[in-house]
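Asker: structure05.cif is reproduced in full below (mmCIF, C-alpha atoms).
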```cif
data_run
loop_
_atom_site.label_atom_id
_atom_site.label_comp_id
_atom_site.auth_asym_id
_atom_site.auth_seq_id
_atom_site.Cartn_x
_atom_site.Cartn_y
_atom_site.Cartn_z
CA MET M 888 0.00 0.00 0.00
CA HIS M 889 1.39 3.38 -1.01
CA SER M 890 0.83 6.26 1.42
CA ASN M 891 3.12 9.27 1.72
CA ALA M 892 1.36 10.31 4.93
CA LEU M 893 2.22 7.01 6.64
CA ALA M 894 5.74 7.13 5.17
CA ILE M 895 6.24 10.56 6.74
CA LEU M 896 4.75 9.44 10.08
CA PHE M 897 6.99 6.40 10.41
CA GLY M 898 9.93 8.42 9.08
CA LEU M 899 9.48 10.89 11.94
CA ALA M 900 9.27 8.01 14.43
CA SER M 901 12.51 6.68 12.96
CA ALA M 902 14.20 10.08 13.22
CA LEU M 903 13.25 10.40 16.91
CA THR M 904 14.49 6.98 18.00
CA ILE M 905 17.69 7.22 15.92
CA ALA M 906 18.44 10.59 17.54
CA TRP M 907 17.93 9.17 21.02
CA GLY M 908 20.17 6.20 20.29
CA THR M 909 22.88 8.45 18.81
CA VAL M 910 23.00 10.70 21.86
CA VAL M 911 23.14 7.74 24.27
CA ARG M 912 26.00 6.03 22.40
CA HIS M 913 27.99 9.24 22.09
CA ARG M 914 27.69 9.84 25.83
CA VAL M 915 29.10 6.37 26.40
CA ALA M 916 31.96 7.15 24.00
CA GLU M 917 32.73 10.35 25.92
CA ASP M 918 32.83 8.42 29.19
CA SER M 919 35.16 5.76 27.77
CA GLY M 920 37.56 8.38 26.37
CA GLY M 921 40.32 7.92 23.81
CA THR M 922 40.27 7.09 20.10
CA ASP M 923 42.03 3.72 19.95
CA THR M 924 40.56 0.26 19.55
CA SER M 925 40.55 -0.44 23.29
CA SER M 926 38.38 2.63 23.89
CA VAL M 927 35.87 1.50 21.27
CA VAL M 928 35.78 -1.97 22.85
CA ALA M 929 35.31 -0.39 26.30
CA ALA M 930 32.35 1.59 24.95
CA ILE M 931 30.55 -1.37 23.41
CA THR M 932 30.86 -3.47 26.57
CA ARG M 933 28.60 -1.08 28.49
CA VAL M 934 24.89 -1.70 28.94
CA ARG M 935 24.05 1.89 28.00
CA TRP M 936 25.77 1.47 24.65
CA TRP M 937 23.63 -1.55 23.86
CA ALA M 938 20.53 0.34 24.97
CA GLY M 939 21.47 3.12 22.55
CA LEU M 940 22.09 0.56 19.80
CA GLY M 941 18.70 -0.99 20.52
CA LEU M 942 17.07 2.40 20.05
CA SER M 943 18.91 2.83 16.75
CA PHE M 944 17.67 -0.59 15.60
CA LEU M 945 14.14 0.37 16.57
CA GLY M 946 14.56 3.55 14.55
CA TYR M 947 15.77 1.47 11.63
CA ALA M 948 12.69 -0.75 11.93
CA PHE M 949 10.51 2.34 11.68
CA GLN M 950 12.52 3.37 8.61
CA ILE M 951 11.83 0.01 6.95
CA VAL M 952 8.11 0.43 7.60
CA ALA M 953 8.25 3.96 6.20
CA LEU M 954 9.97 2.68 3.04
CA GLY M 955 7.20 0.12 2.68
CA PHE M 956 4.70 2.96 2.36
CA GLY M 957 6.73 5.50 0.36
CA THR M 958 9.74 6.10 -1.83
CA LEU M 959 13.32 6.58 -0.65
CA LEU M 960 13.16 10.20 -1.83
CA VAL M 961 10.28 10.82 0.61
CA VAL M 962 11.69 8.98 3.61
CA GLN M 963 15.34 10.07 3.43
CA PRO M 964 14.76 13.85 3.83
CA ILE M 965 12.50 13.12 6.81
CA LEU M 966 15.33 11.21 8.49
CA VAL M 967 17.49 14.34 8.34
CA LEU M 968 15.14 15.71 10.97
CA SER M 969 16.74 13.29 13.43
CA LEU M 970 18.99 16.26 14.11
CA MET M 971 15.92 18.19 15.28
CA PHE M 972 15.46 15.60 18.00
CA THR M 973 19.17 15.19 18.72
CA LEU M 974 19.51 18.89 19.59
CA PRO M 975 17.06 19.07 22.53
CA LEU M 976 18.14 15.66 23.83
CA SER M 977 21.81 16.66 23.78
CA ALA M 978 21.02 20.07 25.28
CA LYS M 979 19.04 18.44 28.07
CA LEU M 980 21.88 16.11 28.96
CA SER M 981 24.34 19.03 28.83
CA GLY M 982 22.13 21.17 31.06
CA ARG M 983 21.72 24.10 28.68
CA ARG M 984 18.96 25.89 26.77
CA ILE M 985 18.49 26.05 23.00
CA SER M 986 19.13 29.60 21.71
CA LYS M 987 16.95 31.71 19.39
CA SER M 988 19.42 31.34 16.54
CA GLU M 989 19.28 27.57 16.89
CA THR M 990 15.49 27.74 16.78
CA ALA M 991 15.67 29.82 13.59
CA TRP M 992 18.04 27.38 11.90
CA ALA M 993 15.82 24.51 13.01
CA ALA M 994 12.84 26.20 11.38
CA LEU M 995 14.84 26.64 8.15
CA LEU M 996 15.76 22.95 8.19
CA THR M 997 12.11 21.96 8.64
CA VAL M 998 10.98 24.20 5.77
CA ALA M 999 13.74 22.89 3.49
CA VAL M 1000 12.76 19.26 4.14
CA ALA M 1001 9.08 20.13 3.58
CA VAL M 1002 9.90 21.74 0.21
CA ILE M 1003 11.89 18.68 -0.93
CA VAL M 1004 9.14 16.25 0.07
CA VAL M 1005 6.06 18.27 -0.98
CA LEU M 1006 7.28 20.26 -3.99
CA GLY M 1007 9.53 17.43 -5.18
CA ARG M 1008 6.63 14.97 -5.53
CA PRO M 1009 8.98 11.92 -5.51
CA GLN M 1010 8.09 9.19 -7.99
CA ALA M 1011 8.69 5.46 -7.52
CA GLY M 1012 11.40 3.70 -9.52
CA VAL M 1013 12.07 0.12 -10.65
CA ALA M 1014 11.21 -2.71 -8.29
CA GLN M 1015 14.25 -4.87 -9.15
CA PRO M 1016 17.35 -3.05 -10.47
CA SER M 1017 19.82 -5.06 -12.56
CA LEU M 1018 22.81 -6.69 -10.89
CA PRO M 1019 25.40 -4.82 -13.04
CA ARG M 1020 23.91 -1.53 -11.90
CA TRP M 1021 24.26 -2.63 -8.26
CA LEU M 1022 27.82 -3.89 -8.71
CA THR M 1023 28.96 -0.67 -10.38
CA ALA M 1024 27.55 1.49 -7.60
CA LEU M 1025 28.90 -0.76 -4.83
CA GLY M 1026 32.35 -0.90 -6.43
CA ILE M 1027 32.57 2.88 -6.63
CA GLY M 1028 31.50 3.13 -2.99
CA VAL M 1029 34.13 0.65 -1.81
CA VAL M 1030 36.91 2.60 -3.53
CA ILE M 1031 35.72 5.91 -2.07
CA PHE M 1032 35.36 4.60 1.48
CA VAL M 1033 38.68 2.74 1.53
CA VAL M 1034 40.56 5.84 0.33
CA MET M 1035 38.82 7.99 2.95
CA TYR M 1036 39.51 5.49 5.71
CA LEU M 1037 43.20 5.29 4.84
CA ALA M 1038 43.33 9.08 4.91
CA SER M 1039 41.68 9.11 8.36
CA LEU M 1040 44.49 6.94 9.77
CA ARG M 1041 46.87 9.88 9.28
CA LEU M 1042 44.62 12.23 11.23
CA ARG M 1043 43.66 12.72 14.86
CA GLY M 1044 40.86 14.34 16.83
CA SER M 1045 38.29 16.52 15.07
CA ASN M 1046 39.57 15.91 11.54
CA ARG M 1047 39.48 12.15 11.98
CA ALA M 1048 35.98 12.34 13.47
CA LEU M 1049 34.88 14.38 10.44
CA ILE M 1050 36.26 11.86 7.93
CA LEU M 1051 34.87 8.84 9.80
CA GLY M 1052 31.51 10.58 10.15
CA SER M 1053 31.48 11.17 6.38
CA ILE M 1054 32.26 7.50 5.73
CA THR M 1055 29.44 6.54 8.09
CA GLY M 1056 27.01 8.77 6.22
CA GLY M 1057 28.05 7.29 2.88
CA ILE M 1058 27.68 3.71 4.11
CA MET M 1059 24.27 4.50 5.58
CA GLY M 1060 23.27 5.98 2.23
CA TYR M 1061 23.92 2.56 0.70
CA VAL M 1062 22.08 0.93 3.61
CA ALA M 1063 19.07 3.15 2.89
CA VAL M 1064 18.96 2.10 -0.77
CA LEU M 1065 19.39 -1.59 0.09
CA SER M 1066 16.66 -1.21 2.72
CA LYS M 1067 14.25 -0.03 0.04
CA ALA M 1068 15.28 -2.94 -2.20
CA VAL M 1069 14.79 -5.45 0.63
CA THR M 1070 11.38 -3.98 1.43
CA ASP M 1071 10.31 -4.33 -2.21
CA ILE M 1072 11.54 -7.95 -2.38
CA PHE M 1073 9.58 -8.85 0.74
CA ALA M 1074 6.42 -7.13 -0.52
CA ARG M 1075 6.70 -8.76 -3.96
CA SER M 1076 8.00 -12.27 -3.22
CA GLY M 1077 7.70 -13.00 0.51
CA VAL M 1078 10.04 -14.18 3.24
CA LEU M 1079 11.68 -17.14 1.50
CA ASP M 1080 12.88 -15.16 -1.51
CA LEU M 1081 14.02 -12.42 0.84
CA LEU M 1082 16.16 -14.83 2.87
CA ILE M 1083 18.04 -16.04 -0.20
CA SER M 1084 18.49 -12.59 -1.73
CA TRP M 1085 21.98 -11.04 -1.74
CA GLU M 1086 20.40 -7.67 -0.98
CA LEU M 1087 19.38 -8.78 2.53
CA TRP M 1088 22.82 -10.10 3.46
CA GLY M 1089 24.56 -7.16 1.84
CA LEU M 1090 22.33 -4.87 3.89
CA ILE M 1091 23.20 -6.67 7.13
CA GLY M 1092 26.92 -6.58 6.36
CA LEU M 1093 26.94 -2.87 5.51
CA ALA M 1094 24.83 -2.05 8.58
CA VAL M 1095 27.37 -3.81 10.84
CA ILE M 1096 30.29 -2.02 9.17
CA GLY M 1097 28.48 1.31 9.32
CA THR M 1098 27.75 0.89 13.03
CA ALA M 1099 31.41 0.10 13.76
CA VAL M 1100 32.67 3.10 11.79
CA GLN M 1101 30.08 5.32 13.45
CA GLN M 1102 31.25 4.30 16.92
CA ALA M 1103 34.85 4.93 15.86
CA SER M 1104 33.84 8.44 14.75
CA PHE M 1105 32.18 9.04 18.13
CA ASN M 1106 35.36 7.99 19.91
CA ALA M 1107 37.60 10.01 17.58
CA GLY M 1108 36.26 13.42 18.59
CA PRO M 1109 33.32 15.64 19.56
CA LEU M 1110 29.86 14.82 18.21
CA LYS M 1111 29.76 18.29 16.61
CA ASN M 1112 32.38 17.09 14.12
CA SER M 1113 31.05 13.64 13.23
CA LEU M 1114 27.27 14.18 13.42
CA PRO M 1115 27.00 16.95 10.76
CA ALA M 1116 29.06 14.88 8.34
CA MET M 1117 27.05 11.68 8.71
CA THR M 1118 23.73 13.56 8.74
CA VAL M 1119 24.50 15.48 5.54
CA VAL M 1120 26.39 12.81 3.57
CA GLU M 1121 23.75 10.09 4.07
CA PRO M 1122 20.90 11.81 2.17
CA ILE M 1123 23.28 12.98 -0.57
CA PHE M 1124 24.42 9.40 -1.20
CA ALA M 1125 20.86 8.09 -0.83
CA PHE M 1126 19.49 10.64 -3.32
CA ALA M 1127 22.22 9.84 -5.85
CA LEU M 1128 21.79 6.09 -5.46
CA GLY M 1129 18.00 6.35 -5.50
CA TYR M 1130 18.26 8.07 -8.87
CA THR M 1131 20.96 5.86 -10.41
CA ILE M 1132 20.05 2.43 -9.00
CA LEU M 1133 16.35 2.50 -8.15
CA GLY M 1134 15.33 4.96 -10.86
CA GLU M 1135 13.35 7.13 -8.45
CA LYS M 1136 13.03 10.78 -9.39
CA PHE M 1137 11.53 14.11 -8.38
CA ASP M 1138 8.57 15.18 -10.50
CA VAL M 1139 9.74 18.75 -11.05
CA SER M 1140 10.66 20.83 -14.08
CA GLY M 1141 11.77 24.31 -15.08
CA TYR M 1142 11.96 26.89 -12.30
CA GLU M 1143 10.90 24.28 -9.71
CA TRP M 1144 14.44 22.91 -9.82
CA THR M 1145 15.63 26.27 -8.47
CA TYR M 1146 13.44 25.83 -5.39
CA MET M 1147 14.62 22.26 -4.97
CA ALA M 1148 18.29 23.20 -5.25
CA THR M 1149 17.80 26.07 -2.79
CA ALA M 1150 16.04 23.77 -0.33
CA LEU M 1151 18.85 21.21 -0.59
CA VAL M 1152 21.51 23.87 0.08
CA ILE M 1153 19.54 25.21 3.05
CA MET M 1154 19.12 21.69 4.41
CA ILE M 1155 22.87 21.05 4.23
CA VAL M 1156 23.91 24.42 5.67
CA SER M 1157 21.35 24.40 8.49
CA THR M 1158 22.32 20.83 9.43
CA VAL M 1159 26.00 21.74 9.72
CA VAL M 1160 25.33 25.01 11.59
CA LEU M 1161 22.89 23.44 14.04
CA SER M 1162 25.19 20.53 14.79
CA ARG M 1163 28.24 22.70 15.43
CA LYS M 1164 26.34 25.33 17.44
CA THR M 1165 24.42 23.06 19.72
CA ILE M 1166 26.41 19.90 20.35
CA THR M 1167 29.14 20.57 22.84
CA ASP M 1168 32.36 18.67 23.50
#
```
What do you get writing this file as structure tokens?

Answerer:
Amino acid sequence: MHSNALAILFGLASALTIAWGTVVRHRVAEDSGGTDTSSVVAAITRVRWWAGLGLSFLGYAFQIVALGFGTLLVVQPILVLSLMFTLPLSAKLSGRRISKSETAWAALLTVAVAVIVVLGRPQAGVAQPSLPRWLTALGIGVVIFVVMYLASLRLRGSNRALILGSITGGIMGYVAVLSKAVTDIFARSGVLDLLISWELWGLIGLAVIGTAVQQASFNAGPLKNSLPAMTVVEPIFAFALGYTILGEKFDVSGYEWTYMATALVIMIVSTVVLSRKTITD
């Protein structure tokens, strides 16, 4: 059943629970301290970290449901609003108040997402993309992420957190596209075909890798460096992959593309500004 209203509703539920899980896991990373492997291991052995991971998985479940009702190009912009929920949660834990400028940027982010979803009128793509198309896109992603990871090994602190956060966002962009593919396979062919599909196991593998890289980015430096990167890069990768692999598209033409481009720029800028202004070390 196709319903953009339900897709938006479950997308918002996903954004809220993902934000909560992100804040919890970053607090655990701060408590564990350090950027090496032992610090990451120390973080993931704590009950709070697993509670945060559980919230993130719940958020992902809501995302899957949302994708069952709507297109990737509807759901993905809604997930950017996870930052809207991260801000008050982080501020509450830090014992501070959200400023007027933060409220203004938050309003801009909300309007930008609304323009992309409403004005963009996203259209569904192909139900089963060809394997060569998948392999090409995955191969390009592997090269990009490996090069970025090798570069991060030469860095420390904020710069490393930024690079690792960007890698996380890119991987999660692929996870988003595979999630839509898995949802379509289940809806079309049922559980048995889903269990033997490479898309399901590829999704699980990338989700595990993405979670590990995300935790490494949390341990590498302040959340204000890693969160903007992963929050911005994910929808960019998801949009590009949604177009090239799934064949989804925005139903806009002429001057409407100007509004869409403006909204995308505002979404990116407001995300970065809000993250850096409101998430403290």

Asker: Here's the selection I'm unsure about, the PyMOL selection byres ((chain M and resi 1070) around 9); applied to the file above, which residues does it give, as number ranges by chain?

Answerer: M: 951-952, 954-955, 1065-1069, 1071-1075, 1081

Asker: Taking all atoms listed in the file into account, which of M:Val1034, M:Ala892, M:Thr1098, M:Leu899 comes nearest M:Gly941?

Answerer: M:Thr1098

Asker: Quick one: residues within 8 Å of M:Arg935, all atoms listed in the file counted, chain neighbours fewer than 3 positions away excluded, as an NGL selection string?

Answerer: :M and (911-912 or 915 or 938-939)

Asker: Can you work out which one of M:Tyr947, M:Phe1124, M:Phe1137, M:Trp936 has the shortest atom-to-atom distance to M:Ile1054, counting all atoms listed in the file?

Answerer: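 Closest to M:Ile1054, using all atoms listed in the file: M:Phe1124.
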
Asker: I'd like to see the residues matched by the PyMOL selection byres ((chain M and resi 1039-1047) around 7) on this file, and ideally I'd get them as an MDAnalysis selection string.

Answerer: chainID M and resid 1035:1038 1048:1051 1107:1109 1112

Asker: Next, dump the selected residues to file, keeping only C-alpha atoms, as an mmCIF file, in the frame of the given file.

Answerer:
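The resulting file, out_19.cif, is reproduced below:
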```
data_model
loop_
_atom_site.group_PDB
_atom_site.id
_atom_site.type_symbol
_atom_site.label_atom_id
_atom_site.label_comp_id
_atom_site.auth_asym_id
_atom_site.auth_seq_id
_atom_site.Cartn_x
_atom_site.Cartn_y
_atom_site.Cartn_z
ATOM 1 C CA MET M 1035 38.820 7.990 2.950
ATOM 2 C CA TYR M 1036 39.510 5.490 5.710
ATOM 3 C CA LEU M 1037 43.200 5.290 4.840
ATOM 4 C CA ALA M 1038 43.330 9.080 4.910
ATOM 5 C CA ALA M 1048 35.980 12.340 13.470
ATOM 6 C CA LEU M 1049 34.880 14.380 10.440
ATOM 7 C CA ILE M 1050 36.260 11.860 7.930
ATOM 8 C CA LEU M 1051 34.870 8.840 9.800
ATOM 9 C CA ALA M 1107 37.600 10.010 17.580
ATOM 10 C CA GLY M 1108 36.260 13.420 18.590
ATOM 11 C CA PRO M 1109 33.320 15.640 19.560
ATOM 12 C CA ASN M 1112 32.380 17.090 14.120
#
```

Asker: Using all atoms listed in the file, which of the listed residues (M:Val1002, M:Val1078, M:Ile1058, M:Ala1125) sits closest to M:Gln963?

Answerer: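 Answer, going by the shortest atom-to-atom distance: M:Ala1125.
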
Asker: Can you pull out the residues contacting M:Pro1016? Cut-off 8 Å, using all atoms listed in the file, and skip same-chain residues under 3 positions away; I want them as a VMD selection string.

Answerer: chain M and resid 1013 1020 to 1021 1132 to 1133

Asker: Would you save the residues from that selection as a PDB file, in the frame of the given file, using C-alpha atoms?

Answerer:
```
ATOM      1  CA  VAL M1013      12.070   0.120 -10.650  1.00  0.00           C
ATOM      2  CA  ARG M1020      23.910  -1.530 -11.900  1.00  0.00           C
ATOM      3  CA  TRP M1021      24.260  -2.630  -8.260  1.00  0.00           C
ATOM      4  CA  ILE M1132      20.050   2.430  -9.000  1.00  0.00           C
ATOM      5  CA  LEU M1133      16.350   2.500  -8.150  1.00  0.00           C
TER       6      LEU M1133
END
```

Asker: For the structure provided, state which residues fall under the PyMOL selection byres ((chain M and resi 973) around 8), and present them as a list in words.

Answerer: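 Given this file, the PyMOL selection byres ((chain M and resi 973) around 8) evaluates to Leu903, Ala906, Trp907, Thr909, Val910, Ser969, Leu970, Met971, Phe972, Leu974, Pro975, Leu976 and Ser977 of chain M.
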
Asker: Those residues with C-alpha atoms, as a short mmCIF file (atom, residue, chain, number, x, y, z; two decimals), in the coordinates of the input please?

Answerer:
```cif
data_model
loop_
_atom_site.label_atom_id
_atom_site.label_comp_id
_atom_site.auth_asym_id
_atom_site.auth_seq_id
_atom_site.Cartn_x
_atom_site.Cartn_y
_atom_site.Cartn_z
CA LEU M 903 13.25 10.40 16.91
CA ALA M 906 18.44 10.59 17.54
CA TRP M 907 17.93 9.17 21.02
CA THR M 909 22.88 8.45 18.81
CA VAL M 910 23.00 10.70 21.86
CA SER M 969 16.74 13.29 13.43
CA LEU M 970 18.99 16.26 14.11
CA MET M 971 15.92 18.19 15.28
CA PHE M 972 15.46 15.60 18.00
CA LEU M 974 19.51 18.89 19.59
CA PRO M 975 17.06 19.07 22.53
CA LEU M 976 18.14 15.66 23.83
CA SER M 977 21.81 16.66 23.78
#
```

Asker: May I have the residues at most 7 Å from (23.5, 29.6, 16.2) in the file's coordinates, counting all atoms listed in the file, as a PDB file with C-alpha atoms, keeping the file's coordinate frame?

Answerer:
```
ATOM      1  CA  SER M 988      19.420  31.340  16.540  1.00  0.00           C
ATOM      2  CA  GLU M 989      19.280  27.570  16.890  1.00  0.00           C
ATOM      3  CA  VAL M1160      25.330  25.010  11.590  1.00  0.00           C
ATOM      4  CA  LEU M1161      22.890  23.440  14.040  1.00  0.00           C
ATOM      5  CA  LYS M1164      26.340  25.330  17.440  1.00  0.00           C
TER       6      LYS M1164
END
```

Asker: Counting all atoms listed in the file, which of M:Val1159, M:Ala1150, M:Leu1114, M:Ile1083 gets nearest to M:Thr997?

Answerer: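 Among the listed residues, the smallest separation from M:Thr997 belongs to M:Ala1150.
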
Asker: With only C-alpha atoms as the counted atoms, please give the residues lying no more than 8 Å from M:Leu960, apart from itself and same-chain residues fewer than 6 positions off, as a PyMOL selection string.

Answerer: chain M and resi 1004+1009+1126+1129+1135-1137
